[in-house]
Structures are given as C-alpha cells and as structure tokens.
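Below is model_9.cif, holding mmCIF, C-alpha atoms.
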```cif
data_entry
loop_
_atom_site.group_PDB
_atom_site.id
_atom_site.type_symbol
_atom_site.label_atom_id
_atom_site.label_comp_id
_atom_site.auth_asym_id
_atom_site.auth_seq_id
_atom_site.Cartn_x
_atom_site.Cartn_y
_atom_site.Cartn_z
ATOM 1 C CA MET A 1 12.592 -63.378 -60.424
ATOM 2 C CA LYS A 2 11.200 -66.744 -61.475
ATOM 3 C CA THR A 3 7.656 -67.805 -60.671
ATOM 4 C CA SER A 4 8.824 -71.246 -59.577
ATOM 5 C CA MET A 5 11.095 -69.682 -56.967
ATOM 6 C CA LEU A 6 8.243 -67.634 -55.531
ATOM 7 C CA LYS A 7 5.968 -70.646 -55.293
ATOM 8 C CA SER A 8 8.669 -72.553 -53.471
ATOM 9 C CA ILE A 9 9.137 -69.728 -50.989
ATOM 10 C CA THR A 10 5.418 -69.367 -50.339
ATOM 11 C CA LEU A 11 4.926 -73.037 -49.607
ATOM 12 C CA THR A 12 8.047 -73.898 -47.653
ATOM 13 C CA SER A 13 9.815 -70.847 -46.288
ATOM 14 C CA LEU A 14 7.762 -67.745 -45.717
ATOM 15 C CA ALA A 15 5.378 -69.156 -43.141
ATOM 16 C CA LEU A 16 8.399 -69.981 -40.998
ATOM 17 C CA HIS A 17 9.782 -66.470 -41.323
ATOM 18 C CA ALA A 18 6.561 -64.602 -40.546
ATOM 19 C CA ALA A 19 6.964 -63.965 -36.843
ATOM 20 C CA ILE A 20 5.540 -61.777 -34.114
ATOM 21 C CA LEU A 21 8.240 -59.730 -32.377
ATOM 22 C CA PRO A 22 6.630 -58.347 -29.185
ATOM 23 C CA PHE A 23 7.907 -55.244 -27.420
ATOM 24 C CA ALA A 24 9.276 -55.757 -23.921
ATOM 25 C CA ALA A 25 7.177 -54.281 -21.118
ATOM 26 C CA ALA A 26 8.052 -53.535 -17.523
ATOM 27 C CA GLN A 27 6.828 -55.975 -14.875
ATOM 28 C CA ASP A 28 5.620 -54.855 -11.464
ATOM 29 C CA VAL A 29 7.120 -56.182 -8.226
ATOM 30 C CA VAL A 30 5.897 -55.959 -4.628
ATOM 31 C CA SER A 31 8.642 -56.466 -2.005
ATOM 32 C CA ILE A 32 8.187 -56.866 1.761
ATOM 33 C CA ASN A 33 10.801 -57.309 4.491
ATOM 34 C CA LEU A 34 9.677 -58.891 7.779
ATOM 35 C CA MET A 35 11.616 -57.171 10.555
ATOM 36 C CA GLN A 36 11.383 -57.055 14.340
ATOM 37 C CA ASN A 37 12.214 -53.392 15.014
ATOM 38 C CA PHE A 38 12.683 -50.263 12.922
ATOM 39 C CA VAL A 39 16.477 -50.143 13.061
ATOM 40 C CA ALA A 40 18.882 -49.893 10.132
ATOM 41 C CA ALA A 41 20.293 -53.413 10.438
ATOM 42 C CA GLN A 42 16.829 -54.957 10.092
ATOM 43 C CA THR A 43 15.467 -52.795 7.286
ATOM 44 C CA VAL A 44 15.952 -52.892 3.537
ATOM 45 C CA ASP A 45 16.670 -49.356 2.331
ATOM 46 C CA PRO A 46 13.595 -48.496 0.212
ATOM 47 C CA ASN A 47 15.635 -46.092 -1.912
ATOM 48 C CA VAL A 48 18.182 -48.705 -3.008
ATOM 49 C CA PRO A 49 17.239 -51.523 -5.421
ATOM 50 C CA TYR A 50 17.674 -54.938 -3.812
ATOM 51 C CA GLY A 51 16.615 -58.540 -4.176
ATOM 52 C CA VAL A 52 16.345 -61.413 -6.599
ATOM 53 C CA GLU A 53 14.200 -58.975 -8.570
ATOM 54 C CA GLU A 54 16.380 -55.916 -7.986
ATOM 55 C CA VAL A 55 13.907 -53.103 -7.269
ATOM 56 C CA PRO A 56 13.456 -50.216 -4.792
ATOM 57 C CA PHE A 57 10.520 -49.365 -2.510
ATOM 58 C CA TRP A 58 10.643 -52.387 -0.254
ATOM 59 C CA THR A 59 8.070 -52.273 2.549
ATOM 60 C CA ASN A 60 9.596 -52.889 5.996
ATOM 61 C CA SER A 61 6.936 -54.345 8.296
ATOM 62 C CA ASN A 62 6.893 -55.653 11.875
ATOM 63 C CA GLY A 63 3.200 -56.550 11.741
ATOM 64 C CA ASN A 64 1.376 -59.748 10.860
ATOM 65 C CA SER A 65 -1.231 -58.236 8.540
ATOM 66 C CA PRO A 66 0.239 -55.459 6.369
ATOM 67 C CA LEU A 67 -2.232 -54.079 3.817
ATOM 68 C CA ASN A 68 -2.029 -52.463 0.382
ATOM 69 C CA LEU A 69 1.638 -53.268 -0.110
ATOM 70 C CA ARG A 70 3.388 -50.926 -2.531
ATOM 71 C CA ASP A 71 5.107 -51.870 -5.769
ATOM 72 C CA GLN A 72 8.536 -50.899 -7.117
ATOM 73 C CA THR A 73 7.287 -47.408 -8.035
ATOM 74 C CA GLY A 74 6.050 -46.698 -4.504
ATOM 75 C CA THR A 75 2.406 -47.037 -5.564
ATOM 76 C CA PRO A 76 0.086 -48.875 -3.128
ATOM 77 C CA THR A 77 -1.537 -52.016 -4.525
ATOM 78 C CA THR A 78 -4.442 -54.191 -3.395
ATOM 79 C CA LEU A 79 -2.032 -56.876 -2.134
ATOM 80 C CA ASN A 80 -2.389 -57.881 1.525
ATOM 81 C CA LEU A 81 -0.380 -60.333 3.639
ATOM 82 C CA THR A 82 -1.630 -62.317 6.638
ATOM 83 C CA ILE A 83 0.854 -64.208 8.843
ATOM 84 C CA ALA A 84 -0.256 -66.900 11.292
ATOM 85 C CA ASN A 85 1.962 -68.495 13.980
ATOM 86 C CA GLY A 86 5.599 -67.907 14.784
ATOM 87 C CA GLY A 87 7.042 -64.599 15.953
ATOM 88 C CA ARG A 88 9.640 -62.038 14.888
ATOM 89 C CA ASN A 89 13.274 -62.651 15.775
ATOM 90 C CA LEU A 90 16.823 -61.713 14.762
ATOM 91 C CA PHE A 91 19.337 -63.954 13.020
ATOM 92 C CA GLY A 92 22.998 -64.048 12.093
ATOM 93 C CA GLY A 93 25.799 -61.537 11.956
ATOM 94 C CA ASN A 94 26.424 -58.037 10.657
ATOM 95 C CA SER A 95 27.106 -59.355 7.155
ATOM 96 C CA ILE A 96 23.385 -59.873 6.533
ATOM 97 C CA GLY A 97 22.325 -56.512 7.980
ATOM 98 C CA GLY A 98 20.069 -54.531 5.665
ATOM 99 C CA THR A 99 18.729 -57.692 4.001
ATOM 100 C CA PRO A 100 15.524 -59.703 4.520
ATOM 101 C CA MET A 101 17.620 -62.447 6.155
ATOM 102 C CA LYS A 102 18.588 -60.342 9.213
ATOM 103 C CA ALA A 103 15.167 -60.715 10.839
ATOM 104 C CA GLY A 104 11.984 -62.591 10.097
ATOM 105 C CA GLN A 105 9.097 -64.734 11.260
ATOM 106 C CA ALA A 106 10.862 -67.344 13.397
ATOM 107 C CA PHE A 107 9.762 -70.869 14.296
ATOM 108 C CA PHE A 108 11.371 -73.288 16.750
ATOM 109 C CA ILE A 109 9.156 -76.387 17.072
ATOM 110 C CA ALA A 110 9.884 -79.387 14.850
ATOM 111 C CA GLY A 111 7.019 -80.111 12.471
ATOM 112 C CA ALA A 112 5.436 -76.692 13.016
ATOM 113 C CA GLY A 113 5.810 -73.207 11.574
ATOM 114 C CA PRO A 114 4.064 -70.082 10.284
ATOM 115 C CA SER A 115 1.798 -69.704 7.267
ATOM 116 C CA PHE A 116 1.741 -66.725 4.918
ATOM 117 C CA THR A 117 -1.371 -65.883 2.907
ATOM 118 C CA PHE A 118 -1.325 -63.282 0.156
ATOM 119 C CA SER A 119 -4.730 -61.959 -0.871
ATOM 120 C CA GLU A 120 -6.056 -59.490 -3.437
ATOM 121 C CA ILE A 121 -3.023 -60.194 -5.622
ATOM 122 C CA PRO A 122 -3.219 -57.584 -8.412
ATOM 123 C CA TYR A 123 -1.503 -59.679 -11.095
ATOM 124 C CA ALA A 124 -3.081 -62.299 -13.350
ATOM 125 C CA ASN A 125 0.223 -64.195 -13.595
ATOM 126 C CA TYR A 126 3.045 -64.018 -11.069
ATOM 127 C CA LYS A 127 5.781 -65.782 -9.126
ATOM 128 C CA VAL A 128 6.683 -65.530 -5.437
ATOM 129 C CA VAL A 129 10.221 -65.252 -4.067
ATOM 130 C CA ALA A 130 10.448 -66.325 -0.409
ATOM 131 C CA TYR A 131 13.519 -65.179 1.552
ATOM 132 C CA LEU A 132 14.806 -67.847 3.943
ATOM 133 C CA THR A 133 16.822 -67.386 7.115
ATOM 134 C CA GLY A 134 17.428 -68.873 10.558
ATOM 135 C CA TYR A 135 20.073 -69.628 13.170
ATOM 136 C CA ASN A 136 23.530 -70.954 12.423
ATOM 137 C CA ALA A 137 23.480 -74.668 13.181
ATOM 138 C CA THR A 138 24.624 -77.603 11.082
ATOM 139 C CA ASN A 139 21.457 -79.565 11.778
ATOM 140 C CA THR A 140 19.010 -76.719 11.294
ATOM 141 C CA GLN A 141 16.786 -77.480 8.349
ATOM 142 C CA ALA A 142 13.370 -76.237 7.342
ATOM 143 C CA SER A 143 10.924 -76.352 4.461
ATOM 144 C CA ILE A 144 8.470 -74.046 2.742
ATOM 145 C CA SER A 145 5.604 -75.318 0.608
ATOM 146 C CA ASP A 146 2.690 -74.096 -1.495
ATOM 147 C CA GLY A 147 0.946 -77.451 -1.114
ATOM 148 C CA SER A 148 2.296 -78.749 -4.413
ATOM 149 C CA THR A 149 6.028 -78.085 -4.215
ATOM 150 C CA THR A 150 8.139 -78.174 -1.044
ATOM 151 C CA TYR A 151 11.631 -76.660 -0.902
ATOM 152 C CA TRP A 152 14.177 -77.404 1.850
ATOM 153 C CA TRP A 153 17.011 -75.223 3.126
ATOM 154 C CA ARG A 154 19.606 -74.772 5.824
ATOM 155 C CA PRO A 155 20.089 -71.146 6.955
ATOM 156 C CA GLN A 156 23.206 -69.199 5.960
ATOM 157 C CA PRO A 157 23.136 -66.430 8.601
ATOM 158 C CA TYR A 158 26.676 -65.204 7.914
ATOM 159 C CA GLY A 159 26.494 -64.968 4.127
ATOM 160 C CA PRO A 160 24.722 -62.076 2.382
ATOM 161 C CA ALA A 161 24.905 -63.707 -1.071
ATOM 162 C CA LEU A 162 21.537 -64.754 -2.488
ATOM 163 C CA ASN A 163 21.469 -68.507 -3.130
ATOM 164 C CA GLN A 164 18.377 -70.305 -4.396
ATOM 165 C CA THR A 165 17.197 -73.674 -3.114
ATOM 166 C CA THR A 166 15.623 -76.085 -5.562
ATOM 167 C CA ASP A 167 15.964 -79.004 -3.125
ATOM 168 C CA THR A 168 12.723 -80.980 -2.899
ATOM 169 C CA ASP A 169 14.276 -84.091 -1.289
ATOM 170 C CA ALA A 170 15.501 -83.763 2.296
ATOM 171 C CA SER A 171 16.816 -87.323 2.409
ATOM 172 C CA ASP A 172 19.933 -86.693 0.313
ATOM 173 C CA GLY A 173 21.355 -83.726 2.232
ATOM 174 C CA ILE A 174 20.245 -80.100 2.375
ATOM 175 C CA ASP A 175 22.322 -77.155 1.182
ATOM 176 C CA GLN A 176 22.408 -73.662 2.613
ATOM 177 C CA ALA A 177 20.158 -71.228 0.789
ATOM 178 C CA SER A 178 18.562 -67.822 1.190
ATOM 179 C CA TYR A 179 15.551 -67.942 -1.119
ATOM 180 C CA ALA A 180 13.055 -70.164 -2.936
ATOM 181 C CA VAL A 181 10.878 -69.326 -5.947
ATOM 182 C CA PHE A 182 7.330 -70.520 -6.564
ATOM 183 C CA GLY A 183 6.113 -70.150 -10.140
ATOM 184 C CA THR A 184 8.170 -69.541 -13.272
ATOM 185 C CA ASP A 185 7.997 -67.341 -16.345
ATOM 186 C CA GLU A 186 6.874 -70.388 -18.337
ATOM 187 C CA ASN A 187 4.459 -71.712 -15.697
ATOM 188 C CA PRO A 188 3.329 -68.759 -13.567
ATOM 189 C CA LEU A 189 1.097 -68.802 -10.532
ATOM 190 C CA THR A 190 -2.470 -67.579 -11.012
ATOM 191 C CA GLY A 191 -5.345 -66.690 -8.731
ATOM 192 C CA SER A 192 -5.993 -63.762 -6.409
ATOM 193 C CA SER A 193 -4.700 -65.539 -3.285
ATOM 194 C CA PHE A 194 -1.714 -67.732 -2.469
ATOM 195 C CA THR A 195 -0.542 -69.445 0.738
ATOM 196 C CA LEU A 196 2.859 -70.735 1.827
ATOM 197 C CA GLN A 197 3.491 -72.966 4.843
ATOM 198 C CA ALA A 198 6.891 -73.136 6.564
ATOM 199 C CA LEU A 199 7.871 -76.061 8.812
ATOM 200 C CA LEU A 200 10.929 -76.830 10.926
ATOM 201 C CA GLY A 201 12.643 -80.135 10.151
ATOM 202 C CA SER A 202 12.233 -83.019 12.583
ATOM 203 C CA SER A 203 15.946 -83.131 13.503
ATOM 204 C CA ALA A 204 16.564 -79.371 13.641
ATOM 205 C CA THR A 205 18.605 -78.146 16.608
ATOM 206 C CA ALA A 206 17.836 -74.420 16.200
ATOM 207 C CA GLY A 207 15.137 -72.197 14.770
ATOM 208 C CA ALA A 208 14.560 -71.028 11.200
ATOM 209 C CA GLY A 209 12.771 -68.006 9.792
ATOM 210 C CA ILE A 210 11.112 -66.406 6.787
ATOM 211 C CA GLY A 211 12.604 -62.976 6.141
ATOM 212 C CA GLY A 212 10.438 -61.527 3.402
ATOM 213 C CA PHE A 213 8.868 -61.923 -0.013
ATOM 214 C CA GLN A 214 8.718 -60.534 -3.502
ATOM 215 C CA ILE A 215 5.597 -60.986 -5.623
ATOM 216 C CA VAL A 216 6.664 -60.579 -9.234
ATOM 217 C CA GLU A 217 4.241 -59.940 -12.065
ATOM 218 C CA ILE A 218 4.799 -62.152 -15.110
ATOM 219 C CA LEU A 219 3.739 -60.614 -18.389
ATOM 220 C CA VAL A 220 2.302 -63.246 -20.697
ATOM 221 C CA ALA A 221 2.270 -62.289 -24.358
ATOM 222 C CA ASN A 222 -1.157 -62.620 -25.920
ATOM 223 C CA ASN A 223 -0.132 -62.516 -29.537
ATOM 224 C CA PRO A 224 -2.100 -63.858 -32.489
ATOM 225 C CA PRO A 225 -0.543 -66.705 -34.477
ATOM 226 C CA PRO A 226 2.117 -65.673 -36.999
ATOM 227 C CA PRO A 227 0.611 -64.805 -40.388
ATOM 228 C CA THR A 228 1.341 -66.747 -43.568
ATOM 229 C CA LEU A 229 2.512 -64.645 -46.485
ATOM 230 C CA ASN A 230 0.953 -65.702 -49.801
ATOM 231 C CA ILE A 231 2.487 -64.621 -53.125
ATOM 232 C CA SER A 232 0.982 -64.770 -56.618
ATOM 233 C CA LYS A 233 2.166 -63.659 -60.074
ATOM 234 C CA ASN A 234 0.589 -60.504 -61.501
ATOM 235 C CA GLY A 235 2.015 -59.939 -64.957
ATOM 236 C CA LEU A 236 5.615 -58.856 -64.461
ATOM 237 C CA ASN A 237 4.871 -57.981 -60.840
ATOM 238 C CA TYR A 238 3.643 -59.826 -57.764
ATOM 239 C CA ASP A 239 0.763 -59.684 -55.298
ATOM 240 C CA PHE A 240 1.164 -60.357 -51.551
ATOM 241 C CA GLN A 241 -1.608 -61.216 -49.091
ATOM 242 C CA TRP A 242 -1.761 -62.156 -45.383
ATOM 243 C CA ASP A 243 -4.189 -62.278 -42.467
ATOM 244 C CA SER A 244 -3.619 -59.245 -40.249
ATOM 245 C CA SER A 245 -4.383 -58.447 -36.611
ATOM 246 C CA SER A 246 -5.700 -55.155 -35.260
ATOM 247 C CA GLY A 247 -2.979 -52.958 -33.788
ATOM 248 C CA LYS A 248 -0.115 -54.693 -35.590
ATOM 249 C CA VAL A 249 2.208 -53.050 -38.117
ATOM 250 C CA TYR A 250 3.957 -54.967 -40.893
ATOM 251 C CA ASP A 251 7.142 -54.638 -42.931
ATOM 252 C CA LEU A 252 7.750 -56.633 -46.095
ATOM 253 C CA VAL A 253 11.390 -57.709 -45.811
ATOM 254 C CA SER A 254 13.585 -59.548 -48.267
ATOM 255 C CA ALA A 255 16.983 -61.116 -48.876
ATOM 256 C CA PRO A 256 18.724 -62.640 -51.906
ATOM 257 C CA ASP A 257 19.290 -65.952 -50.058
ATOM 258 C CA LEU A 258 18.605 -67.759 -46.776
ATOM 259 C CA SER A 259 22.113 -67.517 -45.348
ATOM 260 C CA GLN A 260 21.185 -64.838 -42.777
ATOM 261 C CA SER A 261 18.584 -64.740 -39.999
ATOM 262 C CA VAL A 262 15.289 -63.233 -41.139
ATOM 263 C CA SER A 263 15.656 -60.687 -38.316
ATOM 264 C CA THR A 264 18.477 -59.088 -40.333
ATOM 265 C CA TRP A 265 16.591 -58.880 -43.630
ATOM 266 C CA GLU A 266 16.055 -55.392 -45.023
ATOM 267 C CA VAL A 267 12.729 -53.775 -45.845
ATOM 268 C CA TYR A 268 11.876 -54.429 -49.489
ATOM 269 C CA GLN A 269 12.202 -51.381 -51.694
ATOM 270 C CA SER A 270 11.130 -51.382 -55.334
ATOM 271 C CA SER A 271 11.656 -48.589 -57.807
ATOM 272 C CA LEU A 272 8.260 -47.208 -56.789
ATOM 273 C CA MET A 273 8.061 -47.428 -52.990
ATOM 274 C CA THR A 274 9.338 -48.855 -49.708
ATOM 275 C CA TYR A 275 7.105 -51.491 -48.079
ATOM 276 C CA GLU A 276 7.252 -50.733 -44.357
ATOM 277 C CA ASN A 277 4.953 -49.542 -41.546
ATOM 278 C CA ILE A 278 1.946 -51.170 -43.191
ATOM 279 C CA ALA A 279 -1.015 -50.877 -40.824
ATOM 280 C CA ALA A 280 -3.317 -53.851 -40.262
ATOM 281 C CA SER A 281 -6.404 -53.704 -42.455
ATOM 282 C CA SER A 282 -9.799 -53.302 -40.796
ATOM 283 C CA THR A 283 -10.997 -56.222 -42.954
ATOM 284 C CA GLY A 284 -8.529 -58.616 -41.319
ATOM 285 C CA THR A 285 -6.677 -59.217 -44.589
ATOM 286 C CA ASN A 286 -3.829 -57.121 -45.950
ATOM 287 C CA ALA A 287 -2.918 -57.096 -49.631
ATOM 288 C CA LEU A 288 -0.146 -55.549 -51.689
ATOM 289 C CA THR A 289 -0.967 -55.512 -55.390
ATOM 290 C CA GLY A 290 1.435 -55.105 -58.271
ATOM 291 C CA VAL A 291 4.648 -55.046 -56.258
ATOM 292 C CA ALA A 292 7.414 -54.412 -58.765
ATOM 293 C CA ALA A 293 10.169 -57.014 -59.001
ATOM 294 C CA THR A 294 13.818 -56.023 -58.897
ATOM 295 C CA GLY A 295 14.847 -58.535 -61.547
ATOM 296 C CA GLU A 296 16.939 -60.499 -59.045
ATOM 297 C CA LYS A 297 16.115 -63.672 -57.128
ATOM 298 C CA GLN A 298 14.564 -62.623 -53.829
ATOM 299 C CA PHE A 299 13.146 -64.267 -50.703
ATOM 300 C CA PHE A 300 10.350 -62.493 -48.798
ATOM 301 C CA ALA A 301 8.995 -62.515 -45.248
ATOM 302 C CA LEU A 302 6.864 -60.389 -42.937
ATOM 303 C CA ARG A 303 8.202 -58.562 -39.920
ATOM 304 C CA VAL A 304 5.388 -57.890 -37.465
ATOM 305 C CA ARG A 305 5.401 -55.162 -34.809
#
```
Mind turning this structure into structure tokens?
Amino acid sequence: MKTSMLKSITLTSLALHAAILPFAAAQDVVSINLMQNFVAAQTVDPNVPYGVEEVPFWTNSNGNSPLNLRDQTGTPTTLNLTIANGGRNLFGGNSIGGTPMKAGQAFFIAGAGPSFTFSEIPYANYKVVAYLTGYNATNTQASISDGSTTYWWRPQPYGPALNQTTDTDASDGIDQASYAVFGTDENPLTGSSFTLQALLGSSATAGAGIGGFQIVEILVANNPPPPTLNISKNGLNYDFQWDSSSGKVYDLVSAPDLSQSVSTWEVYQSSLMTYENIAASSTGTNALTGVAATGEKQFFALRVR
C-alpha cells in the first residue's frame, strides 16, 4: 500500500464514507374512532390492525372527552381528547362499516363545525391523521385546519378505500377523500397540545363529519455527526484515529476500489486481528496503532453502529 494513496483517501474519500447507521425503533400510535353507538358497524375491531398507520387497539368512543387513550399495545397514555360543537351521526353504506368513516362528529351549518383538542400528548414529535366522512352529495365539501394548513375534502361514504386529501385550494375543485395528515416525518408536530377545526363549505348541500384520529409518534434520530477517519504511516504499518461517541460501536471496513457501496465493504482483517466491534473510547478519541498492511491497495472507512 502506498503512502500517497492513503493520504488521498484520508483527505477526499473517508470522511464521506464514515456514516452513522441507526437501528430502526418502533413508533407508538394512539387510534380513536368516534362512533354514535356500540354496534359492530360503527366500531373498529380493536383486535384487528387498521388505519393509515395499521395498528390494533383502536379506542371506540361515543363521548366528547375521552381520557388516557391507549396506544397500539393496549397501554393507556396521558393523551386526552376534547370535542366541542357538532354531534354524533351515521354516514354512508355498509361498505364503510367497521371503519372510522361509518360514524363521526357531524356538522351541518355552512361556515361552522366542531373543534378537536388533543392535550397531554405523550410524544415529543408526532403527526395526526384525521379521518374524514360525511353524507353522499356532489356539493358537500368541508375543510379541516390546524390554523396553518387547511385541507378540503368531499365525503366518499360508499368507498372503504383510504384516500388522502392534500387539497389546500377549494377554488379549483375538491376531490373525494377519507383522511388528511398534519405533520410529516421530516417536519413533525411538536408541543403537548394540538387543535383541529372542521368547517362545512359555504355551498355544501349536506353534512360532513370527522370519524376519528391517529396520533403517530415520530422518532427523530439524535445522532452525532459522522466521524472523520484519519490515517498516518507508522513504519510498514498504519495508525487510524477518529472522534468517537459514547454508546457507539465501530468496524474498520475496507475495499480494494470504490466501485461498490461502502455499505457492502468487508471488515478489515490483517494477519494479526479482525477490526470490528470496537467500543467507543471513554476519552472521546479512538485509535488503532500499528495496523498491519496487506500489501495490496486498500480503501478504508468506518461503519458505525
């Protein structure tokens, strides 16, 4: 291995290949269905996963202030819901039975509608899925807003398929839809409370409704910046050094060229040892001294776990 090649790698390539690869973690979801009566057609079976976020343990509620709503494991949370205005009603045909669109908080007066306030939200970052319903009428249109973004929809009371509305302009026509989403994985909602306001459109000829919600935790990775791998000559061998982070584990990986993704590179193995599962140093700096060369041209990178 030539010294000039190693210097080139250190300065131009290795910093790009030193990456944090986080483990996936499960997100929590609270799901509530707003029904009128405890009958099968109006309830979401809590034992069967359902929804935009397909999970079990939906709460079926006919009240306006359900407390300590449970998550997808059946565990009660601190999350509460308060509904103001409107009243429960039924919508549509048998095809939407057993879904949040079969019943909901209905509203019939143009320019008016119910509000929904979530409090004691247990997640630092989250998104809210609002299930939309209403009566079958060509001119029925309604909106739901968090004060910053307003989505419009026309009810689809004879179609159980879940269709999202992203329509923020009612002037160019409104499509049928069954749910809207506030917050995204990239730009989640924050704060311990959140309010949505639904309104019936000014030219609506029939009522609309809100059938339920899912509050979905968004897990935001809090990873340190990727480390830079520094290489220096040490006689016939080489020394490696990088800034490390507590709790991380490192593998020194290598490849004879840059034709393959660094994620496929193999752990470097000299005649003396294999350089994997290297724990982060308590000093904040890891060092490998006197790493034996194989005698072949080699590119190096760090895999971080």
- Nearest candidate to Ile210 (chain A) (options A:Val52, A:Ala106, A:Ile174, A:Leu272; using only C-alpha atoms): A:Ala106
- Care to translate the PyMOL selection byres ((chain A and resi 75-85) around 6) into actual residues of this file, as a list in words?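 This file gives the following for the PyMOL selection byres ((chain A and resi 75-85) around 6): Asn64, Ser65, Pro66, Leu67, Asn68, Leu69, Arg70, Asp71, Thr73, Gly74, Gly86, Pro114, Ser115, Phe116, Thr117, Phe118, Ser119, Glu120 and Ile121 of chain A.
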- Message: Can you translate the PyMOL selection byres ((chain A and resi 55) around 12) into the concrete residues it hits in this file, as a PyMOL selection string?
- Response: chain A and resi 26-32+44-54+56-59+70-74+214-216
- the PyMOL selection byres ((chain A and resi 125) around 8) applied to the shown file, residues as a list in words: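 Given this file, the PyMOL selection byres ((chain A and resi 125) around 8) evaluates to Tyr123, Ala124, Tyr126, Lys127, Pro188, Leu189, Thr190, Gly191, Glu217, Ile218, Leu219 and Val220 of chain A.
What separates CA of Pro227 (chain A) from CA of Thr294 (chain A) is a distance of 24.4 Å.
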- Task: Select, from A:Thr140, A:Thr184, A:Asn60, A:Ser193, the residue with the minimum atom-to-atom distance to Ala170 (chain A), counting all atoms listed in the file.
- Result: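 Counting all atoms listed in the file, the residue closest to Ala170 (chain A) is A:Thr140.
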- Near Asn286 (chain A), within 10 Å and counting only C-alpha atoms, which residues show up once chain neighbours fewer than 4 positions away are dropped, as JSON, numbers by chain? {"A": [229, 240, 241, 242, 243, 244, 245, 250, 278, 279, 280, 281, 282]}
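Compared by their closest atoms to Pro157 (chain A), and using all atoms listed in the file, the residues A:Ser203, A:Gly93, A:Ile144, A:Tyr179 rank with A:Gly93 nearest.
You can rank A:Asp169, A:Gly211, A:Gln269, A:Ser246 by their closest distance to Leu90 (chain A) using only C-alpha atoms, and at the top of that list sits A:Gly211.
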- Message: Rounded to one decimal, what separation in Å do you get between CA of Tyr151 (chain A) and CA of Met35 (chain A)?
- Response: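 These atoms are spaced 22.6 Å apart.
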- Fewer than 5 positions away in the same chain doesn't count, so skip those; otherwise give me all residues within 6 Å of region 231-237 of chain A, counting all atoms listed in the file, as number ranges by chain. A: 290-293
- Task: List every protein, DNA or RNA residue with an atom no more than 10 Å from (25.1, -75.5, 14.6) in the file's coordinates, counting only C-alpha atoms, and format the result as number ranges by chain.
- Result: A: 135-140, 204-206
Writer output for current selection, C-alpha atoms, as a compact mmCIF listing (two decimals), keeping the file's coordinate frame:
```
# COMPACT_ATOMS: atom_id res chain seq x y z
CA TYR A 135 20.07 -69.63 13.17
CA ASN A 136 23.53 -70.95 12.42
CA ALA A 137 23.48 -74.67 13.18
CA THR A 138 24.62 -77.60 11.08
CA ASN A 139 21.46 -79.56 11.78
CA THR A 140 19.01 -76.72 11.29
CA ALA A 204 16.56 -79.37 13.64
CA THR A 205 18.60 -78.15 16.61
CA ALA A 206 17.84 -74.42 16.20
```
- Query: So how far away is CA of Gly98 (chain A) from CA of Asp167 (chain A), in Å?
  - Reply: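 Between these atoms lies a distance of 26.3 Å.
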Box centre and edge lengths (Å, one decimal), axis-aligned, region 230-246 of chain A plus 6 Å each side, as lines of an AutoDock Vina configuration file:
```
center_x = 0.0
center_y = -60.4
center_z = -50.1
size_x = 23.3
size_y = 22.5
size_z = 41.7
```
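Distance check against Pro160 (chain A) using all atoms listed in the file: of A:Val181, A:Ala40, A:Met101, A:Leu258, the minimum falls on A:Met101.
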- Out of A:Pro256, A:Tyr131, A:Arg88, A:Leu200, which residue has the shortest atom-to-atom distance to Thr165 (chain A) when counting all atoms listed in the file? A:Tyr131
